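Undergrad: Just passing along the structure, written as structure tokens.
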Protein chains: 2
Amino acid sequence: MEDVLRSLGYLCLGSRLKRIGEQLQADTQRMLEGLEVRVQSSQYPLLAALDRLGPLPVGELAQSLGVTQPGVTRSVSLLADIGLVEVIQANDDQRRRVVSLTSGGQQLVDAAKRDAWPRIERAVADLCSGLSGPLLEQLAAIEDGLAAAPLARRVEKAAAR
Amino acid sequence: MEDVLRSLGYLCLGSRLKRIGEQLQADTQRMLEGLEVRVQSSQYPLLAALDRLGPLPVGELAQSLGVTQPGVTRSVSLLADIGLVEVIQANDDQRRRVVSLTSGGQQLVDAAKRDAWPRIERAVADLCSGLSGPLLEQLAAIEDGLAAAPLARRVEKAAAR
DNA sequence: CCATGTTATATAACATGTTACAGTTTTAGG
DNA sequence: CCTAAAACTGTAACATGTTATATAACATGG
């Protein structure tokens, strides 16, 4: 069965990037399943941003993640519900609501940094290592690589070296 | 403001690919606004698949697009509602429902093939042309390129050559 | 000092992806 | 043949992105 997105090349590059991204996230999700707390893999960038940059108001958090503010508002609500982040009104400007990691959130990030992120990074690096040439060819190689061996299988492989 | 996804490199490659894909689709959407019929840019791959491969049952359509079957079922319902595709039960196998372009759908595809797709393809090619090297660097170049000049602006540029 | 514009956030409505599961047909094995 | 498994599709529930808009707080110019 012909892969239409691949055949269409540059015309559907956006759809194709989204598709690859979703597959990577799904694979990553599977690798995170060992971790105690139940967070979707797509939430980790937000947690990582707070870990890297410290407490941030909603708008700046959105900017640092490159998504729109309503998306961040919702993610923050969800993460606050499960106690990983907290939101406090800024003193100087009552409009701004500053988001920060709770101690539980920080613990999760620390655990992920120690146990999960290095393995994910190695697996993805393994997938993308040795790629060169035009973008479309690299994307095809990534798709083929994921089909041949999902990320989870690449951890051992990378660790074995 | 630091771009966290970019800083995290391979770790958040999935999120980053999705983000770039969404931006490309949004840019593409803007370029399609001249076209008479109101279809989201993300629906064009489905129409293009039917145009390339002819009528297909839902499952094969999903496979050729690399998405799951429920996603295709919904898209097909929407496109059928606005009269661009039609669904007929297969004679030989009552389970299969074969999707095909209506004459209106074919007209839209033909118009897009003539007026829009070549321009989109040129704009994206312009964006990605001259890229080489590691994937992460190419992605950064794409993001920078889109920020500097959205796709719509690249049509004239590419046409001027 | 107040009317008005700007900024920061939340909310609503939608788009479109996913997984899990239900309901038909079809197929195949004894 | 008939039953049980497999295949195909639809539906439900959710995740998470978007745009558009409302609301509250701040800033500013007369």
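Every chain in the structure tokens takes a letter, A first, then B, and so on in the order presented; its residues are numbered from 1, and the ligands are numbered from 1 following the presented order.
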Could you give me, as number ranges by chain, each residue of stretch 32-77 of chain A that DSSP assigns to helix (DSSP H, G or I) when run on this structure's backbone?
TA: A: 32, 41-53, 58-65, 69-77
Undergrad: Kindly export the residues of the current selection with N, CA, C and O atoms, as a compact mmCIF listing (two decimals), in the first residue's frame.
TA:
# COMPACT_ATOMS: atom_id res chain seq x y z
N LEU A 32 7.90 5.39 29.07
CA LEU A 32 7.72 6.06 30.35
C LEU A 32 6.82 5.27 31.28
O LEU A 32 6.63 5.64 32.44
N SER A 41 3.20 11.85 27.76
CA SER A 41 4.54 12.28 27.37
C SER A 41 4.54 13.73 26.87
O SER A 41 5.53 14.43 27.01
N SER A 42 3.41 14.17 26.32
CA SER A 42 3.40 15.54 25.81
C SER A 42 3.42 16.58 26.93
O SER A 42 3.60 17.77 26.66
N GLN A 43 3.22 16.16 28.16
CA GLN A 43 3.27 17.12 29.27
C GLN A 43 4.69 17.35 29.76
O GLN A 43 4.94 18.32 30.48
N TYR A 44 5.59 16.46 29.42
CA TYR A 44 6.94 16.60 29.96
C TYR A 44 7.65 17.87 29.51
O TYR A 44 8.38 18.47 30.32
N PRO A 45 7.45 18.31 28.27
CA PRO A 45 8.11 19.58 27.93
C PRO A 45 7.73 20.72 28.86
O PRO A 45 8.58 21.53 29.24
N LEU A 46 6.47 20.76 29.27
CA LEU A 46 6.06 21.83 30.17
C LEU A 46 6.80 21.70 31.51
O LEU A 46 7.33 22.69 32.05
N LEU A 47 6.85 20.48 32.02
CA LEU A 47 7.55 20.28 33.29
C LEU A 47 9.03 20.60 33.13
O LEU A 47 9.65 21.22 34.01
N ALA A 48 9.59 20.19 31.99
CA ALA A 48 11.01 20.46 31.76
C ALA A 48 11.27 21.96 31.67
O ALA A 48 12.31 22.44 32.15
N ALA A 49 10.34 22.68 31.09
CA ALA A 49 10.52 24.13 30.98
C ALA A 49 10.57 24.77 32.37
O ALA A 49 11.42 25.61 32.65
N LEU A 50 9.65 24.33 33.23
CA LEU A 50 9.65 24.89 34.58
C LEU A 50 10.93 24.50 35.32
O LEU A 50 11.47 25.28 36.11
N ASP A 51 11.40 23.30 35.05
CA ASP A 51 12.62 22.84 35.71
C ASP A 51 13.82 23.66 35.22
O ASP A 51 14.69 24.04 36.01
N ARG A 52 13.85 23.94 33.93
CA ARG A 52 15.00 24.67 33.38
C ARG A 52 14.97 26.14 33.72
O ARG A 52 15.99 26.74 34.03
N LEU A 53 13.77 26.72 33.61
CA LEU A 53 13.68 28.18 33.67
C LEU A 53 13.14 28.69 34.99
O LEU A 53 13.13 29.90 35.23
N VAL A 58 1.99 32.18 32.91
CA VAL A 58 1.40 31.36 31.84
C VAL A 58 1.88 31.80 30.45
O VAL A 58 2.28 30.97 29.64
N GLY A 59 1.85 33.07 30.21
CA GLY A 59 2.20 33.56 28.88
C GLY A 59 3.63 33.25 28.50
O GLY A 59 3.91 32.81 27.38
N GLU A 60 4.54 33.45 29.44
CA GLU A 60 5.94 33.19 29.12
C GLU A 60 6.19 31.70 28.97
O GLU A 60 7.03 31.28 28.16
N LEU A 61 5.46 30.91 29.74
CA LEU A 61 5.58 29.47 29.60
C LEU A 61 5.15 29.05 28.20
O LEU A 61 5.82 28.25 27.53
N ALA A 62 4.05 29.63 27.73
CA ALA A 62 3.58 29.32 26.38
C ALA A 62 4.64 29.71 25.36
O ALA A 62 4.95 28.94 24.44
N GLN A 63 5.22 30.87 25.57
CA GLN A 63 6.22 31.34 24.61
C GLN A 63 7.43 30.42 24.60
O GLN A 63 7.95 30.08 23.53
N SER A 64 7.86 30.01 25.75
CA SER A 64 9.07 29.17 25.81
C SER A 64 8.82 27.80 25.21
O SER A 64 9.75 27.11 24.79
N LEU A 65 7.55 27.39 25.14
CA LEU A 65 7.22 26.09 24.57
C LEU A 65 6.80 26.20 23.11
O LEU A 65 6.66 25.20 22.41
N GLN A 69 -1.28 30.28 24.30
CA GLN A 69 -1.57 30.41 25.72
C GLN A 69 -2.73 29.52 26.19
O GLN A 69 -2.64 28.91 27.27
N PRO A 70 -3.83 29.40 25.44
CA PRO A 70 -4.90 28.54 25.95
C PRO A 70 -4.45 27.09 26.14
O PRO A 70 -4.91 26.43 27.08
N GLY A 71 -3.58 26.64 25.28
CA GLY A 71 -3.07 25.28 25.47
C GLY A 71 -2.33 25.14 26.78
O GLY A 71 -2.50 24.15 27.50
N VAL A 72 -1.52 26.12 27.10
CA VAL A 72 -0.79 26.05 28.36
C VAL A 72 -1.73 26.17 29.53
O VAL A 72 -1.59 25.44 30.53
N THR A 73 -2.71 27.04 29.43
CA THR A 73 -3.67 27.18 30.53
C THR A 73 -4.32 25.84 30.86
O THR A 73 -4.42 25.45 32.02
N ARG A 74 -4.70 25.12 29.81
CA ARG A 74 -5.34 23.84 30.09
C ARG A 74 -4.36 22.82 30.66
O ARG A 74 -4.66 22.15 31.64
N SER A 75 -3.18 22.72 30.06
CA SER A 75 -2.21 21.76 30.58
C SER A 75 -1.89 22.06 32.04
O SER A 75 -1.79 21.15 32.87
N VAL A 76 -1.74 23.33 32.34
CA VAL A 76 -1.42 23.70 33.72
C VAL A 76 -2.55 23.29 34.66
O VAL A 76 -2.31 22.77 35.75
N SER A 77 -3.79 23.48 34.23
CA SER A 77 -4.91 23.06 35.08
C SER A 77 -4.84 21.57 35.37
O SER A 77 -5.02 21.14 36.52
Undergrad: Output the contact residues of chain B with respect to chain A at a cut-off of 6 Å, based on only C-alpha atoms, as a list in words.
TA: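 On the chain B side, the interface is Met1, Glu2, Asp3, Val4, Tyr10, Leu11, Gly14, Leu17, Lys18, Gly21, Leu24, Gln25, Ser64, Leu65, Glu121, Val124, Ser132, Gly133 and Pro134 of chain B.
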Undergrad: Show me, as JSON, numbers by chain, the residues of chain C whose atoms get within 12 Å of chain A, using only C-alpha atoms (C1' of nucleotides) for the distance check.
TA: {"C": [7, 8, 9, 10, 11, 12, 16, 17, 18, 19]}
Undergrad: Would you list the contacts of C:DC2 as a ChimeraX atom specification, taking every protein, DNA or RNA residue within 12 Å and counting only C-alpha atoms (C1' of nucleotides), but skipping same-chain residues closer than 3 positions in sequence?
TA: /D:28-30
Undergrad: Using only C-alpha atoms (C1' of nucleotides), determine which residues of chain D fall within 12 Å of chain A; present them as a compact mmCIF listing (two decimals) with all heavy atoms, in the first residue's frame.
TA:
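Saved to out_24.txt:
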# COMPACT_ATOMS: atom_id res chain seq x y z
P DC D 14 -13.90 10.28 29.39
OP1 DC D 14 -13.70 9.69 30.71
OP2 DC D 14 -14.86 11.37 29.15
O5' DC D 14 -12.47 10.77 28.86
C5' DC D 14 -11.44 9.79 28.74
C4' DC D 14 -10.40 10.25 27.76
O4' DC D 14 -10.94 10.39 26.44
C3' DC D 14 -9.79 11.62 28.08
O3' DC D 14 -8.43 11.39 28.33
C2' DC D 14 -10.01 12.44 26.82
C1' DC D 14 -10.14 11.34 25.78
N1 DC D 14 -10.80 11.78 24.52
C2 DC D 14 -10.05 11.73 23.34
O2 DC D 14 -8.90 11.32 23.39
N3 DC D 14 -10.63 12.15 22.19
C4 DC D 14 -11.88 12.58 22.19
N4 DC D 14 -12.40 12.96 21.04
C5 DC D 14 -12.66 12.63 23.38
C6 DC D 14 -12.09 12.23 24.52
P DA D 15 -7.53 12.47 29.08
OP1 DA D 15 -6.71 11.74 30.06
OP2 DA D 15 -8.36 13.62 29.48
O5' DA D 15 -6.58 12.94 27.90
C5' DA D 15 -5.86 11.97 27.16
C4' DA D 15 -5.06 12.69 26.10
O4' DA D 15 -5.91 12.98 24.96
C3' DA D 15 -4.49 14.04 26.54
O3' DA D 15 -3.15 14.10 26.08
C2' DA D 15 -5.39 15.07 25.86
C1' DA D 15 -5.82 14.34 24.60
N9 DA D 15 -7.13 14.70 24.06
C8 DA D 15 -8.28 14.81 24.77
N7 DA D 15 -9.33 15.12 24.03
C5 DA D 15 -8.81 15.21 22.74
C6 DA D 15 -9.40 15.51 21.50
N6 DA D 15 -10.69 15.79 21.35
N1 DA D 15 -8.60 15.52 20.41
C2 DA D 15 -7.30 15.24 20.57
N3 DA D 15 -6.63 14.94 21.68
C4 DA D 15 -7.46 14.95 22.74
P DT D 16 -2.16 15.18 26.59
OP1 DT D 16 -0.82 14.62 26.45
OP2 DT D 16 -2.63 15.72 27.89
O5' DT D 16 -2.33 16.32 25.51
C5' DT D 16 -1.94 16.01 24.18
C4' DT D 16 -2.38 17.13 23.31
O4' DT D 16 -3.80 17.06 23.06
C3' DT D 16 -2.12 18.53 23.91
O3' DT D 16 -1.54 19.32 22.92
C2' DT D 16 -3.52 19.02 24.20
C1' DT D 16 -4.24 18.39 23.04
N1 DT D 16 -5.71 18.44 23.07
C2 DT D 16 -6.36 18.55 21.87
O2 DT D 16 -5.78 18.57 20.80
N3 DT D 16 -7.72 18.62 21.95
C4 DT D 16 -8.48 18.61 23.11
O4 DT D 16 -9.70 18.69 23.05
C5 DT D 16 -7.73 18.50 24.34
C7 DT D 16 -8.44 18.49 25.64
C6 DT D 16 -6.40 18.43 24.25
P DG D 17 -0.45 20.40 23.30
OP1 DG D 17 0.84 19.79 23.08
OP2 DG D 17 -0.79 20.99 24.62
O5' DG D 17 -0.74 21.54 22.20
C5' DG D 17 -0.32 21.35 20.88
C4' DG D 17 -1.41 21.74 19.88
O4' DG D 17 -2.61 20.99 20.11
C3' DG D 17 -1.92 23.19 19.93
O3' DG D 17 -1.02 24.06 19.28
C2' DG D 17 -3.19 23.05 19.10
C1' DG D 17 -3.68 21.67 19.47
N9 DG D 17 -4.81 21.72 20.40
C8 DG D 17 -4.78 21.52 21.75
N7 DG D 17 -5.95 21.62 22.31
C5 DG D 17 -6.81 21.91 21.26
C6 DG D 17 -8.21 22.13 21.24
O6 DG D 17 -9.00 22.11 22.19
N1 DG D 17 -8.67 22.40 19.97
C2 DG D 17 -7.90 22.45 18.83
N2 DG D 17 -8.52 22.72 17.69
N3 DG D 17 -6.60 22.23 18.83
C4 DG D 17 -6.12 21.98 20.07
P DT D 18 -1.16 25.65 19.50
OP1 DT D 18 0.05 26.28 18.96
OP2 DT D 18 -1.55 25.91 20.90
O5' DT D 18 -2.42 26.05 18.60
C5' DT D 18 -2.42 25.76 17.21
C4' DT D 18 -3.81 26.02 16.65
O4' DT D 18 -4.75 25.20 17.36
C3' DT D 18 -4.31 27.44 16.85
O3' DT D 18 -4.00 28.19 15.68
C2' DT D 18 -5.81 27.28 16.97
C1' DT D 18 -6.01 25.86 17.44
N1 DT D 18 -6.48 25.75 18.84
C2 DT D 18 -7.83 25.86 19.09
O2 DT D 18 -8.63 26.05 18.21
N3 DT D 18 -8.19 25.74 20.39
C4 DT D 18 -7.37 25.52 21.46
O4 DT D 18 -7.82 25.42 22.59
C5 DT D 18 -5.96 25.44 21.14
C7 DT D 18 -4.97 25.21 22.23
C6 DT D 18 -5.60 25.55 19.86
P DT D 19 -4.05 29.80 15.83
OP1 DT D 19 -3.37 30.30 14.62
OP2 DT D 19 -3.59 30.21 17.17
O5' DT D 19 -5.61 30.17 15.77
C5' DT D 19 -6.39 29.84 14.64
C4' DT D 19 -7.82 30.27 14.88
O4' DT D 19 -8.33 29.60 16.07
C3' DT D 19 -8.00 31.77 15.16
O3' DT D 19 -9.14 32.23 14.42
C2' DT D 19 -8.21 31.86 16.66
C1' DT D 19 -8.89 30.54 16.97
N1 DT D 19 -8.60 30.04 18.33
C2 DT D 19 -9.65 29.75 19.18
O2 DT D 19 -10.81 29.92 18.88
N3 DT D 19 -9.28 29.28 20.41
C4 DT D 19 -7.99 29.06 20.86
O4 DT D 19 -7.79 28.62 21.99
C5 DT D 19 -6.95 29.37 19.92
C7 DT D 19 -5.52 29.16 20.31
C6 DT D 19 -7.29 29.84 18.72
P DA D 20 -9.46 33.79 14.35
OP1 DA D 20 -10.07 33.99 13.03
OP2 DA D 20 -8.30 34.59 14.77
O5' DA D 20 -10.60 33.94 15.46
C5' DA D 20 -11.66 33.00 15.48
C4' DA D 20 -12.63 33.36 16.59
O4' DA D 20 -12.21 32.77 17.83
C3' DA D 20 -12.76 34.86 16.88
O3' DA D 20 -14.13 35.14 17.15
C2' DA D 20 -11.88 35.06 18.11
C1' DA D 20 -12.10 33.75 18.85
N9 DA D 20 -11.01 33.35 19.73
C8 DA D 20 -9.67 33.43 19.48
N7 DA D 20 -8.92 32.97 20.47
C5 DA D 20 -9.84 32.57 21.42
C6 DA D 20 -9.69 32.00 22.70
N6 DA D 20 -8.52 31.74 23.26
N1 DA D 20 -10.82 31.73 23.40
C2 DA D 20 -12.01 32.00 22.84
N3 DA D 20 -12.27 32.53 21.65
C4 DA D 20 -11.14 32.79 20.99
P DT D 23 -17.92 38.83 29.96
OP1 DT D 23 -18.99 38.19 30.72
OP2 DT D 23 -18.10 40.13 29.29
O5' DT D 23 -16.64 38.95 30.92
C5' DT D 23 -16.06 37.76 31.41
C4' DT D 23 -14.84 38.11 32.24
O4' DT D 23 -13.68 38.24 31.38
C3' DT D 23 -14.95 39.43 32.99
O3' DT D 23 -14.40 39.24 34.27
C2' DT D 23 -14.10 40.38 32.16
C1' DT D 23 -13.00 39.43 31.71
N1 DT D 23 -12.22 39.82 30.53
C2 DT D 23 -10.87 39.55 30.51
O2 DT D 23 -10.30 39.00 31.43
N3 DT D 23 -10.22 39.95 29.38
C4 DT D 23 -10.77 40.59 28.29
O4 DT D 23 -10.08 40.91 27.33
C5 DT D 23 -12.18 40.86 28.38
C7 DT D 23 -12.87 41.55 27.25
C6 DT D 23 -12.84 40.46 29.48
P DA D 24 -14.89 40.21 35.49
OP1 DA D 24 -15.72 39.42 36.40
OP2 DA D 24 -15.38 41.50 34.93
O5' DA D 24 -13.50 40.49 36.20
C5' DA D 24 -12.60 39.40 36.37
C4' DA D 24 -11.19 39.92 36.31
O4' DA D 24 -10.85 40.25 34.95
C3' DA D 24 -10.98 41.20 37.13
O3' DA D 24 -9.87 40.96 37.98
C2' DA D 24 -10.68 42.27 36.09
C1' DA D 24 -10.10 41.45 34.94
N9 DA D 24 -10.25 42.02 33.62
C8 DA D 24 -11.39 42.46 33.02
N7 DA D 24 -11.22 42.90 31.79
C5 DA D 24 -9.87 42.72 31.57
C6 DA D 24 -9.05 42.98 30.45
N6 DA D 24 -9.49 43.52 29.31
N1 DA D 24 -7.73 42.69 30.56
C2 DA D 24 -7.29 42.15 31.70
N3 DA D 24 -7.96 41.85 32.82
C4 DA D 24 -9.26 42.17 32.68
P DA D 25 -9.50 42.00 39.10
OP1 DA D 25 -9.16 41.19 40.29
OP2 DA D 25 -10.51 43.07 39.16
O5' DA D 25 -8.16 42.62 38.53
C5' DA D 25 -7.06 41.74 38.31
C4' DA D 25 -5.98 42.48 37.59
O4' DA D 25 -6.48 42.87 36.28
C3' DA D 25 -5.53 43.78 38.27
O3' DA D 25 -4.13 43.73 38.33
C2' DA D 25 -6.05 44.88 37.36
C1' DA D 25 -6.07 44.19 36.01
N9 DA D 25 -7.02 44.71 35.04
C8 DA D 25 -8.36 44.89 35.21
N7 DA D 25 -8.98 45.34 34.14
C5 DA D 25 -7.97 45.46 33.20
C6 DA D 25 -7.97 45.88 31.86
N6 DA D 25 -9.05 46.28 31.21
N1 DA D 25 -6.79 45.86 31.20
C2 DA D 25 -5.69 45.45 31.85
N3 DA D 25 -5.57 45.03 33.11
C4 DA D 25 -6.75 45.05 33.74
P DC D 26 -3.33 44.80 39.15
OP1 DC D 26 -2.16 44.10 39.73
OP2 DC D 26 -4.27 45.56 39.99
O5' DC D 26 -2.77 45.74 38.00
C5' DC D 26 -1.81 45.19 37.10
C4' DC D 26 -1.67 46.08 35.90
O4' DC D 26 -2.95 46.31 35.31
C3' DC D 26 -1.08 47.46 36.19
O3' DC D 26 0.17 47.50 35.53
C2' DC D 26 -2.11 48.44 35.62
C1' DC D 26 -2.89 47.56 34.66
N1 DC D 26 -4.29 47.96 34.38
C2 DC D 26 -4.64 48.38 33.10
O2 DC D 26 -3.78 48.45 32.21
N3 DC D 26 -5.94 48.72 32.85
C4 DC D 26 -6.85 48.63 33.82
N4 DC D 26 -8.10 48.96 33.52
C5 DC D 26 -6.52 48.19 35.12
C6 DC D 26 -5.24 47.87 35.37
P DA D 27 1.05 48.81 35.58
OP1 DA D 27 2.43 48.39 35.27
OP2 DA D 27 0.74 49.56 36.82
O5' DA D 27 0.51 49.63 34.35
C5' DA D 27 0.76 49.16 33.03
C4' DA D 27 0.44 50.27 32.04
O4' DA D 27 -0.99 50.48 32.00
C3' DA D 27 1.07 51.63 32.37
O3' DA D 27 1.51 52.18 31.14
C2' DA D 27 -0.09 52.41 32.97
C1' DA D 27 -1.28 51.85 32.23
N9 DA D 27 -2.56 51.84 32.92
C8 DA D 27 -2.80 51.51 34.22
N7 DA D 27 -4.07 51.57 34.55
C5 DA D 27 -4.71 51.97 33.38
C6 DA D 27 -6.04 52.21 33.06
N6 DA D 27 -7.04 52.07 33.94
N1 DA D 27 -6.33 52.60 31.79
C2 DA D 27 -5.32 52.72 30.92
N3 DA D 27 -4.02 52.52 31.10
C4 DA D 27 -3.78 52.14 32.36
Undergrad: Among the residues of stretch 8-99 of chain A, find those DSSP assigns to strand (DSSP E or B) from the backbone and print them as a VMD selection string.
TA: chain A and resid 56 to 57 85 to 89 97 to 99
